$ cat start-v7.csv   # CSV, C-alpha atoms
chain,number,residue,atom,x,y,z
A,1,MET,CA,112.2,102.6,-64.3
A,2,LEU,CA,112.4,104.4,-61.0
A,3,GLU,CA,116.1,105.3,-61.6
A,4,TYR,CA,115.1,106.7,-65.1
A,5,LEU,CA,112.3,108.7,-63.6
A,6,LYS,CA,114.7,110.1,-61.0
A,7,TYR,CA,117.0,111.4,-63.7
A,8,LEU,CA,114.0,112.9,-65.5
A,9,LEU,CA,112.9,114.7,-62.4
A,10,GLN,CA,116.4,116.0,-61.9
A,11,LEU,CA,116.4,117.3,-65.4
A,12,LEU,CA,113.0,119.0,-64.9
A,13,LEU,CA,114.0,120.6,-61.6
A,14,SER,CA,117.6,121.7,-62.5
A,15,PRO,CA,118.7,120.9,-66.0
A,16,ALA,CA,122.4,121.8,-65.6
A,17,ARG,CA,122.7,119.8,-62.4
A,18,GLY,CA,120.7,117.0,-63.8
A,19,TRP,CA,123.2,116.6,-66.7
A,20,GLU,CA,126.1,116.8,-64.2
A,21,ASP,CA,124.5,114.0,-62.2
A,22,ILE,CA,124.0,111.9,-65.4
A,23,SER,CA,127.6,112.6,-66.3
A,24,SER,CA,129.0,111.6,-62.9
A,25,LYS,CA,126.9,108.5,-62.5
A,26,SER,CA,127.0,107.5,-66.2
A,27,PRO,CA,123.9,105.3,-66.4
A,28,ASP,CA,123.8,102.8,-69.2
A,29,PRO,CA,121.7,104.5,-71.9
A,30,GLU,CA,120.6,101.1,-73.4
A,31,GLU,CA,119.4,100.0,-70.0
A,32,MET,CA,117.7,103.3,-69.4
A,33,MET,CA,116.0,102.9,-72.8
A,34,ARG,CA,114.8,99.3,-72.1
A,35,ARG,CA,113.8,99.8,-68.4
A,36,GLY,CA,112.8,103.5,-68.5
A,37,LEU,CA,111.9,105.0,-71.9
A,38,TYR,CA,110.1,102.1,-73.5
A,39,PRO,CA,107.9,101.4,-70.5
A,40,LEU,CA,107.2,105.2,-70.2
A,41,ILE,CA,106.1,105.2,-73.8
A,42,GLY,CA,103.8,102.3,-73.0
A,43,VAL,CA,102.3,104.3,-70.2
A,44,ALA,CA,101.8,107.3,-72.5
A,45,ALA,CA,99.9,105.0,-74.9
A,46,LEU,CA,97.8,103.6,-72.0
A,47,THR,CA,96.9,107.1,-70.8
A,48,GLU,CA,95.1,107.6,-74.0
A,49,PHE,CA,92.3,105.5,-72.4
A,50,CYS,CA,91.8,108.3,-69.9
A,51,ALA,CA,89.7,110.0,-72.6
A,52,PHE,CA,86.9,107.5,-71.9
A,53,PHE,CA,86.4,109.3,-68.6
A,54,TYR,CA,85.8,112.8,-70.0
A,55,GLN,CA,84.7,112.4,-73.7
A,56,LYS,CA,81.3,111.1,-74.4
A,57,GLY,CA,80.7,109.1,-77.5
A,58,LEU,CA,84.3,108.1,-77.9
A,59,LYS,CA,84.8,104.7,-79.6
A,60,LEU,CA,87.4,102.1,-78.7
A,61,ASP,CA,89.0,102.1,-82.1
A,62,GLN,CA,89.7,105.8,-81.9
A,63,VAL,CA,91.4,105.4,-78.6
A,64,LEU,CA,93.4,102.4,-79.8
A,65,ILE,CA,94.6,104.3,-82.8
A,66,ARG,CA,95.7,107.2,-80.7
A,67,ALA,CA,97.5,104.8,-78.3
A,68,VAL,CA,99.3,103.2,-81.2
A,69,LEU,CA,100.0,106.7,-82.6
A,70,ASP,CA,101.6,107.7,-79.3
A,71,PHE,CA,103.7,104.6,-79.0
A,72,GLY,CA,104.8,104.6,-82.6
A,73,ALA,CA,105.7,108.3,-82.8
A,74,TYR,CA,108.0,108.2,-79.8
A,75,PHE,CA,109.4,104.7,-80.5
A,76,VAL,CA,110.5,105.8,-84.1
A,77,SER,CA,111.7,109.1,-82.7
A,78,VAL,CA,114.3,107.4,-80.6
A,79,PHE,CA,116.0,106.0,-83.7
A,80,ILE,CA,115.6,109.1,-85.8
A,81,ALA,CA,117.1,111.2,-82.9
A,82,ARG,CA,120.1,108.9,-82.6
A,83,LEU,CA,120.6,109.0,-86.4
A,84,ILE,CA,120.5,112.8,-86.5
A,85,PHE,CA,123.0,113.0,-83.6
A,86,GLU,CA,125.4,110.6,-85.3
A,87,ILE,CA,125.3,112.6,-88.5
A,88,TYR,CA,125.4,116.2,-87.1
A,89,LEU,CA,126.9,116.3,-83.6
A,90,ALA,CA,130.5,115.7,-84.8
A,91,LYS,CA,130.4,119.2,-86.4
A,92,VAL,CA,129.8,121.0,-83.0
A,93,VAL,CA,131.7,118.8,-80.5
A,94,ASP,CA,135.2,119.5,-79.3
A,95,GLY,CA,137.5,116.8,-80.8
A,96,GLY,CA,135.2,116.1,-83.7
A,97,SER,CA,133.8,112.9,-82.3
A,98,PRO,CA,131.3,112.9,-79.5
A,99,ASN,CA,131.2,110.2,-76.8
A,100,ARG,CA,128.7,107.6,-78.1
A,101,ARG,CA,127.4,106.8,-74.6
A,102,LYS,CA,126.6,110.5,-74.0
A,103,VAL,CA,125.0,110.9,-77.4
A,104,GLU,CA,122.7,107.9,-76.7
A,105,SER,CA,121.8,109.5,-73.3
A,106,LEU,CA,121.1,112.8,-75.1
A,107,ALA,CA,118.4,110.9,-77.1
A,108,VAL,CA,117.0,108.9,-74.2
A,109,PHE,CA,116.5,111.5,-71.4
A,110,PRO,CA,115.0,114.5,-73.3
A,111,LEU,CA,112.7,112.1,-75.2
A,112,GLY,CA,111.5,110.9,-71.8
A,113,LEU,CA,110.6,114.5,-70.9
A,114,MET,CA,108.6,114.7,-74.2
A,115,VAL,CA,106.8,111.5,-73.2
A,116,LEU,CA,106.0,112.9,-69.8
A,117,ILE,CA,104.5,116.0,-71.4
A,118,GLN,CA,102.4,113.6,-73.6
A,119,ILE,CA,101.3,111.7,-70.5
A,120,VAL,CA,100.2,114.9,-68.7
A,121,GLY,CA,98.3,116.0,-71.9
A,122,ASN,CA,96.6,112.7,-72.2
A,123,CYS,CA,95.4,112.7,-68.5
A,124,LEU,CA,94.0,116.2,-68.5
A,125,GLN,CA,90.5,116.8,-69.8
A,126,ALA,CA,91.0,120.2,-71.2
A,127,ASN,CA,93.3,121.1,-74.1
A,128,LEU,CA,95.4,123.6,-72.1
A,129,THR,CA,97.5,126.1,-74.0
A,130,PHE,CA,100.5,125.9,-71.6
A,131,LEU,CA,100.9,122.2,-72.5
A,132,LYS,CA,101.7,123.2,-76.0
A,133,PHE,CA,104.6,125.3,-74.8
A,134,LEU,CA,106.2,122.7,-72.5
A,135,PRO,CA,108.4,121.3,-75.3
A,136,LEU,CA,110.2,124.7,-75.1
A,137,TYR,CA,111.3,123.7,-71.7
A,138,VAL,CA,112.8,120.5,-73.2
A,139,VAL,CA,114.8,122.8,-75.5
A,140,LEU,CA,116.2,124.6,-72.4
A,141,VAL,CA,117.1,121.2,-71.0
A,142,LEU,CA,118.9,120.4,-74.3
A,143,TYR,CA,120.7,123.7,-74.2
A,144,LYS,CA,122.0,122.9,-70.7
A,145,ALA,CA,123.3,119.5,-72.2
A,146,SER,CA,126.0,121.4,-74.2
A,147,ALA,CA,128.6,121.1,-71.4
A,148,TYR,CA,127.7,117.4,-71.0
A,149,ILE,CA,128.2,116.6,-74.6
A,150,GLY,CA,131.3,118.8,-74.9
A,151,VAL,CA,130.1,121.3,-77.4
A,152,ARG,CA,132.6,124.0,-78.6
A,153,PRO,CA,131.9,127.4,-76.9
A,154,ASN,CA,130.7,129.2,-80.1
A,155,ASP,CA,128.5,126.3,-81.2
A,156,GLU,CA,126.0,126.0,-78.3
A,157,LEU,CA,123.1,127.5,-80.3
A,158,ARG,CA,123.8,125.3,-83.3
A,159,PHE,CA,123.9,122.3,-81.0
A,160,THR,CA,120.6,123.3,-79.4
A,161,GLY,CA,119.0,123.6,-82.9
A,162,ILE,CA,120.2,120.2,-83.9
A,163,ALA,CA,119.2,118.6,-80.7
A,164,SER,CA,115.8,120.4,-80.7
A,165,VAL,CA,115.0,119.2,-84.1
A,166,ALA,CA,116.0,115.6,-83.2
A,167,VAL,CA,114.2,115.4,-79.8
A,168,VAL,CA,111.4,117.9,-80.0
A,169,VAL,CA,110.4,118.6,-83.6
A,170,VAL,CA,110.7,115.0,-84.9
A,171,PRO,CA,108.3,113.3,-82.4
A,172,LEU,CA,105.8,116.2,-82.6
A,173,ALA,CA,106.0,116.2,-86.4
A,174,ILE,CA,105.5,112.4,-86.6
A,175,TYR,CA,102.6,112.5,-84.1
A,176,TYR,CA,100.7,115.4,-85.8
A,177,LEU,CA,101.4,114.1,-89.3
A,178,LEU,CA,100.0,110.7,-88.5
A,179,ASP,CA,97.1,112.3,-86.6
A,180,ILE,CA,96.2,114.3,-89.7
A,181,ILE,CA,96.5,111.3,-92.0
A,182,ILE,CA,94.5,108.9,-89.8
A,183,PHE,CA,91.9,111.3,-88.5
$ encode --input "start-v7.csv" --output "structure tokens"
Amino acid sequence: MLEYLKYLLQLLLSPARGWEDISSKSPDPEEMMRRGLYPLIGVAALTEFCAFFYQKGLKLDQVLIRAVLDFGAYFVSVFIARLIFEIYLAKVVDGGSPNRRKVESLAVFPLGLMVLIQIVGNCLQANLTFLKFLPLYVVLVLYKASAYIGVRPNDELRFTGIASVAVVVVPLAIYYLLDIIIF
């Protein structure tokens, strides 16, 4: 998990160089998912229990539902993102067929950034407005991944749109939709 967190930190601090480092070291995306993303999603679910420290009258069932909601939304998002990438990335990548390993990394690492944003939001008492805008930074990280994936020069914005829907919009939509249905 520490190696996965190192890559996430690199993507946060310098997205272009982070993707270059991921490209040069070529970590196994399946291993990063098993040892990095899934435990991080579990941590995000556990941080829902921080609400007991700053919300009075909170019931255990509400926190458990929110924890399951966190885990479920991001867990399902991994597979939806991979599906979207398999369907649409061939239209914007040079050569017509993207590298499968890189596509899987494109799903694993930015989703990890989204999970980190969720963890920070769960740990903070106040509902801070700037936290709502942090997924826009993930969009920037995705834009910088265009060279990593091998996107054609005129298709960077199209790629960013596809990747943003897959990695940013899908988990947020699932989370808020389930939140509205359950609560």
$ atom_distance --input "start-v7.csv" --atom1 "CA of Tyr38 (chain A)" --atom2 "CA of Ser77 (chain A)"
11.7 Å
$ residues_around --input "start-v7.csv" --residues "Pro171 (chain A)" --least-positions-apart "2" --cutoff "7 Å" --atoms "all atoms listed in the file" --output "ChimeraX atom specification"
/A:73-74,77,167-169,173-175
$ atom_distance --input "start-v7.csv" --atom1 "CA of Gln55 (chain A)" --atom2 "CA of Ala126 (chain A)"
10.3 Å
$ atom_distance --input "start-v7.csv" --atom1 "CA of Asp28 (chain A)" --atom2 "CA of Leu140 (chain A)"
23.3 Å
$ residues_around --input "start-v7.csv" --residues "Ile182 (chain A)" --least-positions-apart "5" --cutoff "10 Å" --atoms "all atoms listed in the file" --output "list of chain:residue names"
A:Gln62, A:Ile65, A:Arg66, A:Leu69, A:Tyr176, A:Leu177
$ residues_around --input "start-v7.csv" --residues "region 148-152 of chain A" --least-positions-apart "6" --cutoff "12 Å" --atoms "all atoms listed in the file" --output "PyMOL selection string"
chain A and resi 15-24+26+85+88-107+141-142+158-160+162-163
$ write_last_selection --input "start-v7.csv" --atoms "C-alpha atoms" --output "mmCIF file, in the coordinates of the input"
data_model
loop_
_atom_site.group_PDB
_atom_site.id
_atom_site.type_symbol
_atom_site.label_atom_id
_atom_site.label_comp_id
_atom_site.auth_asym_id
_atom_site.auth_seq_id
_atom_site.Cartn_x
_atom_site.Cartn_y
_atom_site.Cartn_z
ATOM 1 C CA PRO A 15 118.700 120.900 -66.000
ATOM 2 C CA ALA A 16 122.400 121.800 -65.600
ATOM 3 C CA ARG A 17 122.700 119.800 -62.400
ATOM 4 C CA GLY A 18 120.700 117.000 -63.800
ATOM 5 C CA TRP A 19 123.200 116.600 -66.700
ATOM 6 C CA GLU A 20 126.100 116.800 -64.200
ATOM 7 C CA ASP A 21 124.500 114.000 -62.200
ATOM 8 C CA ILE A 22 124.000 111.900 -65.400
ATOM 9 C CA SER A 23 127.600 112.600 -66.300
ATOM 10 C CA SER A 24 129.000 111.600 -62.900
ATOM 11 C CA SER A 26 127.000 107.500 -66.200
ATOM 12 C CA PHE A 85 123.000 113.000 -83.600
ATOM 13 C CA TYR A 88 125.400 116.200 -87.100
ATOM 14 C CA LEU A 89 126.900 116.300 -83.600
ATOM 15 C CA ALA A 90 130.500 115.700 -84.800
ATOM 16 C CA LYS A 91 130.400 119.200 -86.400
ATOM 17 C CA VAL A 92 129.800 121.000 -83.000
ATOM 18 C CA VAL A 93 131.700 118.800 -80.500
ATOM 19 C CA ASP A 94 135.200 119.500 -79.300
ATOM 20 C CA GLY A 95 137.500 116.800 -80.800
ATOM 21 C CA GLY A 96 135.200 116.100 -83.700
ATOM 22 C CA SER A 97 133.800 112.900 -82.300
ATOM 23 C CA PRO A 98 131.300 112.900 -79.500
ATOM 24 C CA ASN A 99 131.200 110.200 -76.800
ATOM 25 C CA ARG A 100 128.700 107.600 -78.100
ATOM 26 C CA ARG A 101 127.400 106.800 -74.600
ATOM 27 C CA LYS A 102 126.600 110.500 -74.000
ATOM 28 C CA VAL A 103 125.000 110.900 -77.400
ATOM 29 C CA GLU A 104 122.700 107.900 -76.700
ATOM 30 C CA SER A 105 121.800 109.500 -73.300
ATOM 31 C CA LEU A 106 121.100 112.800 -75.100
ATOM 32 C CA ALA A 107 118.400 110.900 -77.100
ATOM 33 C CA VAL A 141 117.100 121.200 -71.000
ATOM 34 C CA LEU A 142 118.900 120.400 -74.300
ATOM 35 C CA ARG A 158 123.800 125.300 -83.300
ATOM 36 C CA PHE A 159 123.900 122.300 -81.000
ATOM 37 C CA THR A 160 120.600 123.300 -79.400
ATOM 38 C CA ILE A 162 120.200 120.200 -83.900
ATOM 39 C CA ALA A 163 119.200 118.600 -80.700
#
$ residues_near_point --input "start-v7.csv" --point "(109.3, 112.2, -69.9)" --cutoff "9 Å" --atoms "all atoms listed in the file" --output "list of chain:residue names"
A:Leu5, A:Leu8, A:Leu9, A:Leu37, A:Leu40, A:Ile41, A:Phe109, A:Pro110, A:Leu111, A:Gly112, A:Leu113, A:Met114, A:Val115, A:Leu116, A:Ile117, A:Gln118, A:Ile119
$ write_last_selection --input "start-v7.csv" --atoms "C-alpha atoms" --output "mmCIF file, in the coordinates of the input"
data_model
loop_
_atom_site.group_PDB
_atom_site.id
_atom_site.type_symbol
_atom_site.label_atom_id
_atom_site.label_comp_id
_atom_site.auth_asym_id
_atom_site.auth_seq_id
_atom_site.Cartn_x
_atom_site.Cartn_y
_atom_site.Cartn_z
ATOM 1 C CA LEU A 5 112.300 108.700 -63.600
ATOM 2 C CA LEU A 8 114.000 112.900 -65.500
ATOM 3 C CA LEU A 9 112.900 114.700 -62.400
ATOM 4 C CA LEU A 37 111.900 105.000 -71.900
ATOM 5 C CA LEU A 40 107.200 105.200 -70.200
ATOM 6 C CA ILE A 41 106.100 105.200 -73.800
ATOM 7 C CA PHE A 109 116.500 111.500 -71.400
ATOM 8 C CA PRO A 110 115.000 114.500 -73.300
ATOM 9 C CA LEU A 111 112.700 112.100 -75.200
ATOM 10 C CA GLY A 112 111.500 110.900 -71.800
ATOM 11 C CA LEU A 113 110.600 114.500 -70.900
ATOM 12 C CA MET A 114 108.600 114.700 -74.200
ATOM 13 C CA VAL A 115 106.800 111.500 -73.200
ATOM 14 C CA LEU A 116 106.000 112.900 -69.800
ATOM 15 C CA ILE A 117 104.500 116.000 -71.400
ATOM 16 C CA GLN A 118 102.400 113.600 -73.600
ATOM 17 C CA ILE A 119 101.300 111.700 -70.500
#
$ closest_residue --input "start-v7.csv" --among "A:Leu83, A:Met1, A:Ile181, A:Val108" --to "Val43 (chain A)" --atoms "all atoms listed in the file"
A:Met1
$ closest_residue --input "start-v7.csv" --among "A:Leu172, A:Lys59, A:Ile84, A:Leu2" --to "Pro135 (chain A)" --atoms "all atoms listed in the file"
A:Leu172
$ closest_residue --input "start-v7.csv" --among "A:Asn122, A:Val138, A:Asn154, A:Ile87" --to "Thr47 (chain A)" --atoms "all atoms listed in the file"
A:Asn122
$ closest_residue --input "start-v7.csv" --among "A:Tyr143, A:Phe71, A:Tyr7, A:Phe183" --to "Pro39 (chain A)" --atoms "all atoms listed in the file"
A:Phe71
$ closest_residue --input "start-v7.csv" --among "A:Asp61, A:Glu48, A:Glu86, A:Glu30" --to "Gly121 (chain A)" --atoms "all atoms listed in the file"
A:Glu48
